[in-house]
Amino acid sequence: MSQALAKTPLASPDGLDTVHTLLCRREAGAFQRAAKDGDDLLVACTQESRLFLELNEQTEGAPRVAERPIRFVNIRETGGWSKDAKGAAPKLAALIAAAQLPDPDPVATVSYRSQGRCLVIGPADDAERAAAMLADKLDVVLLVDRPGGALPQQRDRAVMAGRLTKLSGWLGAFHAVWESGNPIDLDLCTRCNACVDACPEGAIDFSYQIDLSRCKSHRDCVKVCDAAGAIDFQRAPQQAEDDFDLVLDLRESPAFTMHQPPQGYFHVGRGGDAERRLVKAVLELRERTGEFEKPKFFHYKAKLCAHSRNEQIGCSACIEVCSARAIRSDASRKGKAKGDAAGGIVVEPHLCVGCGACSTVCPSGALAFGYPGTVDQGRKLRTMLGAYRLAGGRDAALLLHSEGAGSRMIGELGRAARTDKAVHGVPARVLPVALWHTASVGLDLWLAAIAGGASQVWVLLTEEEAPEYRTALAEQMAVAQAILAGLGYRGEHFKLIEARDARDLAVLDAALRAPAAQGVAQPGALAAQADKRATLDLALDHLLTHAPAAADDIVLPAAGSPFGSLQVDTAKCTMCLSCVGACPEAALADNPDKPQLRFIEKNCVQCGLCATTCPESAITLQPRLWLADGGKARKVARVLNEAEPYRCIQCGKPFGTMRAIENMLTKLSGHSAFQGEALKRLQMCGDCRVIDIYSNPNETKITDL
């Protein structure tokens, strides 16, 4: 089957109205007849989607796409072109069912505005050549970064000379700073060429900059430039700055070193296929004027963020994984209300490229991916697994891949399987799932998929993924695998498959034929929640309920673990309870009735703020998943440390701890302000201390501690 047409919800391919083999060509009339009916249309062919859309527009009486969307799904390369295509019916049912889901709700957008002012940085020859290809569409300004090459005699555009020292911003909002230390000021230079002719060393060329390594200080150039005054060897280096909408960087080293540079910045570099990169950059730059929008890919809940409290740093996972450097720390308390302990992060939406890796590594759920959101992604996985199981499928392996390079790789594998007997193709039990970005789905949905009946979850990594994503996904998978192994589920449930391009098709083909792992005996139709921790709890509860042999305590890798306990050195802990105030997740709490440090393990995200804040360095993190008493133990408060209370010498009311008050008395007993009755007041509760002070007004008053 190469193409199919469906008009009703399907549980299996048997529910297809009609199966066509040449629907887009000889049987195009069948599509047009279906289009006239006005029902929702699903076309099982992505190759000719453009043609089908055109046919719909040309069909008299057919609703327009804006009124009735037409959905497309690939069942050929992903299922039909495979050595076990005869057994792929359950997979096709899953793909078709998922394709019929409604589109996710629209998200907020981020706007850019470019007026076409473009900075070109590089040697004179290269910069001028690039400028000539852009000048009819953009307002081009050159920054010549070194002597050499040639500028045209005619001054057609603004030209500066200097070394770029800073570049920041994004499309429509770049800010450049450069420093010029060359004796020739290009603003004053008239390009009369007298200095070029006068220089005995030939240190000046048609870039109108002096090669100081060749200059012998004859200063003949200064004499011939007397009228214009463009040459001054005594001039101090000048710093300049300006704003631009676009940047074309022709230098060998880029201004931005992150994997995902800002939109509107293009680095061509030198050598290799620089010419191809230049043409590609020029074509894109020419279209970068006007107003643009992109989705706002993330949601941020500052109240859940475990990055900082009281200027102490805890979890920085999102900052470290962001390949666009769109996330920065906001740990300072400046500008915050008095008593507000919150810190947090700042995400610049104009720099965010929508990889979703920040939400994947966020242990608390403070950052959530929104394009589409977790609820929509979970619904898609649940629908696919349900349809696959209903159609008789077993041991489903979800293959998460990007909509771009990942989809192309799977398409190439299907085509190779169609023509090469040695290539197997996508197996019948492997369900490809296209994502906006492979890093946008993590531990919560992986475990929910396993609880929902998946045998395995695999992630296909191509040349698109940054090194940060590979590391983060590998760490998260190590945690997920440790959990399932600790619950007694046998086999390898999670795997990263690295196939950078078409040359790695054999690697991909072999990886997809891995044996199935042990799945859950009774799959549950878990509805993913908007709250990451809630989804994790649902998945863990189901996996634990049906676990083959669950351990009470599962040790987890330290890197990336969102679960764990705390070990308190009671010999060091003074019960100051500063850790309670630092905990952003209410995992730590005191007891208003007696000096106790209590802990709810379910709430702990292993951010480390308690350990960072503790003045005695008495706290150590313990990554683990505690499942004693069927998982109930981790959901209730337990005591980590407690101390004997110190009782007020006046009223007997407990306040503070015996150890803390005795330590304070020892340290302050020699201080002149704490002698006689003043020292006794340190042994009183706050109420009695105030009463005693105002009952003896002639005595020295001390601040209420």
# chains A, B, ... in the order shown; residues from 1 in each chain; ligands from 1
>>> residues_around(residues="segment 525-537 of chain A", least_positions_apart="2", cutoff="6 Å", atoms="only C-alpha atoms", output="PyMOL selection string")
chain A and resi 365+374-375+378+444+452+539-541
>>> write_last_selection(atoms="N, CA, C and O atoms", output="PDB file, in the first residue's frame")
ATOM      1  N   GLY A 365       9.869  20.958  37.163  1.00  0.00           N
ATOM      2  CA  GLY A 365       8.792  21.317  36.250  1.00  0.00           C
ATOM      3  C   GLY A 365       8.583  22.810  36.138  1.00  0.00           C
ATOM      4  O   GLY A 365       7.576  23.264  35.585  1.00  0.00           O
ATOM      5  N   THR A 374       3.164  19.295  27.205  1.00  0.00           N
ATOM      6  CA  THR A 374       3.260  17.921  27.704  1.00  0.00           C
ATOM      7  C   THR A 374       1.931  17.180  27.590  1.00  0.00           C
ATOM      8  O   THR A 374       1.901  15.984  27.254  1.00  0.00           O
ATOM      9  N   VAL A 375       0.836  17.861  27.869  1.00  0.00           N
ATOM     10  CA  VAL A 375      -0.473  17.206  27.799  1.00  0.00           C
ATOM     11  C   VAL A 375      -0.746  16.709  26.378  1.00  0.00           C
ATOM     12  O   VAL A 375      -1.204  15.577  26.175  1.00  0.00           O
ATOM     13  N   GLY A 378       1.656  13.844  25.535  1.00  0.00           N
ATOM     14  CA  GLY A 378       1.228  12.633  26.219  1.00  0.00           C
ATOM     15  C   GLY A 378       0.006  12.010  25.576  1.00  0.00           C
ATOM     16  O   GLY A 378      -0.102  10.776  25.475  1.00  0.00           O
ATOM     17  N   ASP A 444       9.542  12.232  32.264  1.00  0.00           N
ATOM     18  CA  ASP A 444       8.135  12.071  32.630  1.00  0.00           C
ATOM     19  C   ASP A 444       7.346  11.339  31.549  1.00  0.00           C
ATOM     20  O   ASP A 444       6.615  10.386  31.825  1.00  0.00           O
ATOM     21  N   GLY A 452       2.273   3.024  29.858  1.00  0.00           N
ATOM     22  CA  GLY A 452       1.170   2.906  28.916  1.00  0.00           C
ATOM     23  C   GLY A 452       1.294   1.746  27.956  1.00  0.00           C
ATOM     24  O   GLY A 452       0.459   1.606  27.057  1.00  0.00           O
ATOM     25  N   ALA A 539       3.082   7.825  36.650  1.00  0.00           N
ATOM     26  CA  ALA A 539       3.801   6.753  35.960  1.00  0.00           C
ATOM     27  C   ALA A 539       4.475   5.825  36.962  1.00  0.00           C
ATOM     28  O   ALA A 539       4.407   4.594  36.828  1.00  0.00           O
ATOM     29  N   LEU A 540       5.118   6.394  37.971  1.00  0.00           N
ATOM     30  CA  LEU A 540       5.816   5.568  38.958  1.00  0.00           C
ATOM     31  C   LEU A 540       4.849   4.701  39.744  1.00  0.00           C
ATOM     32  O   LEU A 540       5.126   3.523  40.022  1.00  0.00           O
ATOM     33  N   ASP A 541       3.709   5.253  40.121  1.00  0.00           N
ATOM     34  CA  ASP A 541       2.724   4.477  40.874  1.00  0.00           C
ATOM     35  C   ASP A 541       2.251   3.275  40.059  1.00  0.00           C
ATOM     36  O   ASP A 541       2.113   2.156  40.584  1.00  0.00           O
TER      37      ASP A 541
END
>>> select_by_dssp(residues="segment 8-70 of chain A", states="strand (DSSP E or B)", output="count of residues only")
7
>>> closest_residue(among="A:Val605, A:Ala586, A:Ala366, A:Leu627", to="Ala302 of chain A", atoms="only C-alpha atoms")
A:Ala366
>>> closest_residue(among="A:Ala131, A:Ile600, A:Ala236, A:Val346", to="His299 of chain A", atoms="only C-alpha atoms")
A:Val346
>>> atom_distance(atom1="atom CA of Ala326 of chain A", atom2="atom CA of Arg500 of chain A")
25.2 Å
>>> residues_around(residues="Val65 of chain A", least_positions_apart="6", cutoff="8 Å", atoms="only C-alpha atoms", output="list in words")
Leu53, Asn56 and Glu57 of chain A
>>> write_last_selection(atoms="N, CA and C atoms", output="short mmCIF file (atom, residue, chain, number, x, y, z; two decimals), in the first residue's frame")
data_model
loop_
_atom_site.label_atom_id
_atom_site.label_comp_id
_atom_site.auth_asym_id
_atom_site.auth_seq_id
_atom_site.Cartn_x
_atom_site.Cartn_y
_atom_site.Cartn_z
N LEU A 53 -2.93 19.45 -1.66
CA LEU A 53 -3.44 20.76 -1.26
C LEU A 53 -3.87 21.57 -2.48
N ASN A 56 -7.14 20.18 -3.79
CA ASN A 56 -8.27 20.63 -2.97
C ASN A 56 -8.70 22.03 -3.36
N GLU A 57 -7.71 22.92 -3.60
CA GLU A 57 -8.04 24.29 -3.97
C GLU A 57 -8.72 24.35 -5.34
#
>>> residues_around(residues="Pro69 of chain A", least_positions_apart="4", cutoff="12 Å", atoms="only C-alpha atoms", output="MDAnalysis selection string")
chainID A and resid 35 38:43 52:53 56:57 62:65 99:103
>>> residues_around(residues="segment 175-185 of chain A", least_positions_apart="3", cutoff="7 Å", atoms="only C-alpha atoms", output="JSON, numbers by chain")
{"A": [161, 162, 163, 164, 165, 166, 167, 168, 169, 188, 189, 209, 210, 230, 231, 232, 233, 235, 236, 237, 238, 239, 240, 241, 242, 243, 244]}
>>> residues_around(residues="Ala108 of chain A", least_positions_apart="3", cutoff="12 Å", atoms="only C-alpha atoms", output="compact mmCIF listing (two decimals) with all heavy atoms, in the first residue's frame")
# COMPACT_ATOMS: atom_id res chain seq x y z
N ASP A 105 -3.50 23.47 20.98
CA ASP A 105 -3.88 24.88 21.07
C ASP A 105 -2.71 25.77 20.67
O ASP A 105 -1.55 25.45 20.95
CB ASP A 105 -4.33 25.22 22.49
CG ASP A 105 -5.63 24.53 22.87
OD1 ASP A 105 -6.40 24.21 21.96
OD2 ASP A 105 -5.86 24.31 24.08
N SER A 111 7.99 38.25 18.58
CA SER A 111 8.09 39.06 17.35
C SER A 111 9.49 39.61 17.15
O SER A 111 10.20 39.94 18.11
CB SER A 111 7.10 40.23 17.41
OG SER A 111 5.77 39.75 17.48
N GLU A 293 7.58 36.32 13.18
CA GLU A 293 7.10 35.75 14.44
C GLU A 293 7.54 34.30 14.54
O GLU A 293 7.71 33.61 13.54
CB GLU A 293 5.56 35.81 14.53
CG GLU A 293 5.01 37.21 14.77
CD GLU A 293 3.52 37.18 15.03
OE1 GLU A 293 2.87 36.16 14.68
OE2 GLU A 293 2.99 38.16 15.57
N LYS A 294 7.72 33.87 15.76
CA LYS A 294 7.96 32.46 16.04
C LYS A 294 7.22 32.10 17.32
O LYS A 294 6.83 32.99 18.09
CB LYS A 294 9.45 32.17 16.19
CG LYS A 294 10.06 32.71 17.47
CD LYS A 294 11.50 32.27 17.63
CE LYS A 294 12.07 32.76 18.97
NZ LYS A 294 13.47 32.38 19.13
N PRO A 295 6.99 30.83 17.58
CA PRO A 295 6.29 30.46 18.82
C PRO A 295 7.15 30.78 20.04
O PRO A 295 8.38 30.75 19.99
CB PRO A 295 6.09 28.94 18.68
CG PRO A 295 6.30 28.65 17.23
CD PRO A 295 7.26 29.67 16.72
N LYS A 296 6.49 31.09 21.14
CA LYS A 296 7.18 31.13 22.42
C LYS A 296 7.16 29.70 22.94
O LYS A 296 6.13 29.19 23.35
CB LYS A 296 6.49 32.07 23.40
CG LYS A 296 7.24 32.21 24.71
CD LYS A 296 6.52 33.13 25.68
CE LYS A 296 7.28 33.21 27.00
NZ LYS A 296 6.56 34.04 28.00
N PHE A 297 8.30 29.06 22.93
CA PHE A 297 8.36 27.62 23.09
C PHE A 297 8.21 27.14 24.53
O PHE A 297 8.00 25.95 24.76
CB PHE A 297 9.70 27.09 22.56
CG PHE A 297 9.87 27.28 21.08
CD1 PHE A 297 10.67 28.29 20.57
CD2 PHE A 297 9.24 26.43 20.18
CE1 PHE A 297 10.85 28.45 19.21
CE2 PHE A 297 9.40 26.59 18.82
CZ PHE A 297 10.20 27.60 18.33
N PHE A 298 8.32 27.99 25.50
CA PHE A 298 8.42 27.53 26.88
C PHE A 298 7.44 28.24 27.79
O PHE A 298 6.93 29.31 27.49
CB PHE A 298 9.84 27.79 27.42
CG PHE A 298 10.20 29.26 27.47
CD1 PHE A 298 9.97 30.01 28.61
CD2 PHE A 298 10.73 29.91 26.37
CE1 PHE A 298 10.26 31.36 28.65
CE2 PHE A 298 11.03 31.26 26.39
CZ PHE A 298 10.79 31.99 27.54
N HIS A 299 7.17 27.60 28.94
CA HIS A 299 6.43 28.21 30.04
C HIS A 299 7.34 28.15 31.26
O HIS A 299 7.98 27.12 31.51
CB HIS A 299 5.13 27.45 30.33
CG HIS A 299 4.22 27.33 29.15
ND1 HIS A 299 3.64 28.43 28.54
CD2 HIS A 299 3.79 26.25 28.45
CE1 HIS A 299 2.89 28.03 27.54
NE2 HIS A 299 2.97 26.71 27.45
N PRO A 349 13.22 34.96 25.25
CA PRO A 349 12.48 34.24 24.21
C PRO A 349 13.00 34.50 22.80
O PRO A 349 12.82 33.66 21.92
CB PRO A 349 11.04 34.76 24.38
CG PRO A 349 11.17 36.06 25.10
CD PRO A 349 12.38 35.92 25.98
N GLY A 370 6.25 24.09 25.45
CA GLY A 370 4.88 24.46 25.09
C GLY A 370 4.52 24.30 23.63
O GLY A 370 3.45 24.75 23.23
N TYR A 371 5.39 23.66 22.80
CA TYR A 371 5.10 23.64 21.37
C TYR A 371 5.35 22.25 20.76
O TYR A 371 6.37 22.05 20.12
CB TYR A 371 5.97 24.68 20.66
CG TYR A 371 5.58 24.93 19.22
CD1 TYR A 371 4.43 25.65 18.92
CD2 TYR A 371 6.35 24.46 18.18
CE1 TYR A 371 4.08 25.88 17.60
CE2 TYR A 371 6.00 24.70 16.86
CZ TYR A 371 4.87 25.41 16.59
OH TYR A 371 4.51 25.64 15.28
N PRO A 372 4.45 21.29 20.97
CA PRO A 372 3.26 21.37 21.83
C PRO A 372 3.60 21.03 23.27
O PRO A 372 4.71 20.58 23.57
CB PRO A 372 2.34 20.30 21.22
CG PRO A 372 3.31 19.28 20.67
CD PRO A 372 4.51 20.06 20.19
>>> closest_residue(among="A:Leu505, A:Ala633, A:Cys215, A:Val159", to="Ala417 of chain A", atoms="only C-alpha atoms")
A:Leu505
>>> atom_distance(atom1="atom CA of Lys301 of chain A", atom2="atom CA of Ser364 of chain A")
9.8 Å
>>> select_by_dssp(residues="segment 17-232 of chain A", states="alpha helix (DSSP H)", output="PyMOL selection string")
chain A and resi 28-36+49-58+89-99+124-134+194-198+220-224
>>> residues_around(residues="segment 580-585 of chain A", least_positions_apart="4", cutoff="8 Å", atoms="only C-alpha atoms", output="PyMOL selection string")
chain A and resi 303-306+309-310+341+364+589-590+603-605+609-610+613
>>> atom_distance(atom1="atom CA of Arg408 of chain A", atom2="atom CA of Val73 of chain A")
14.0 Å
>>> closest_residue(among="A:Ala502, A:Met664, A:Leu566, A:Ala331", to="Leu679 of chain A", atoms="only C-alpha atoms")
A:Met664
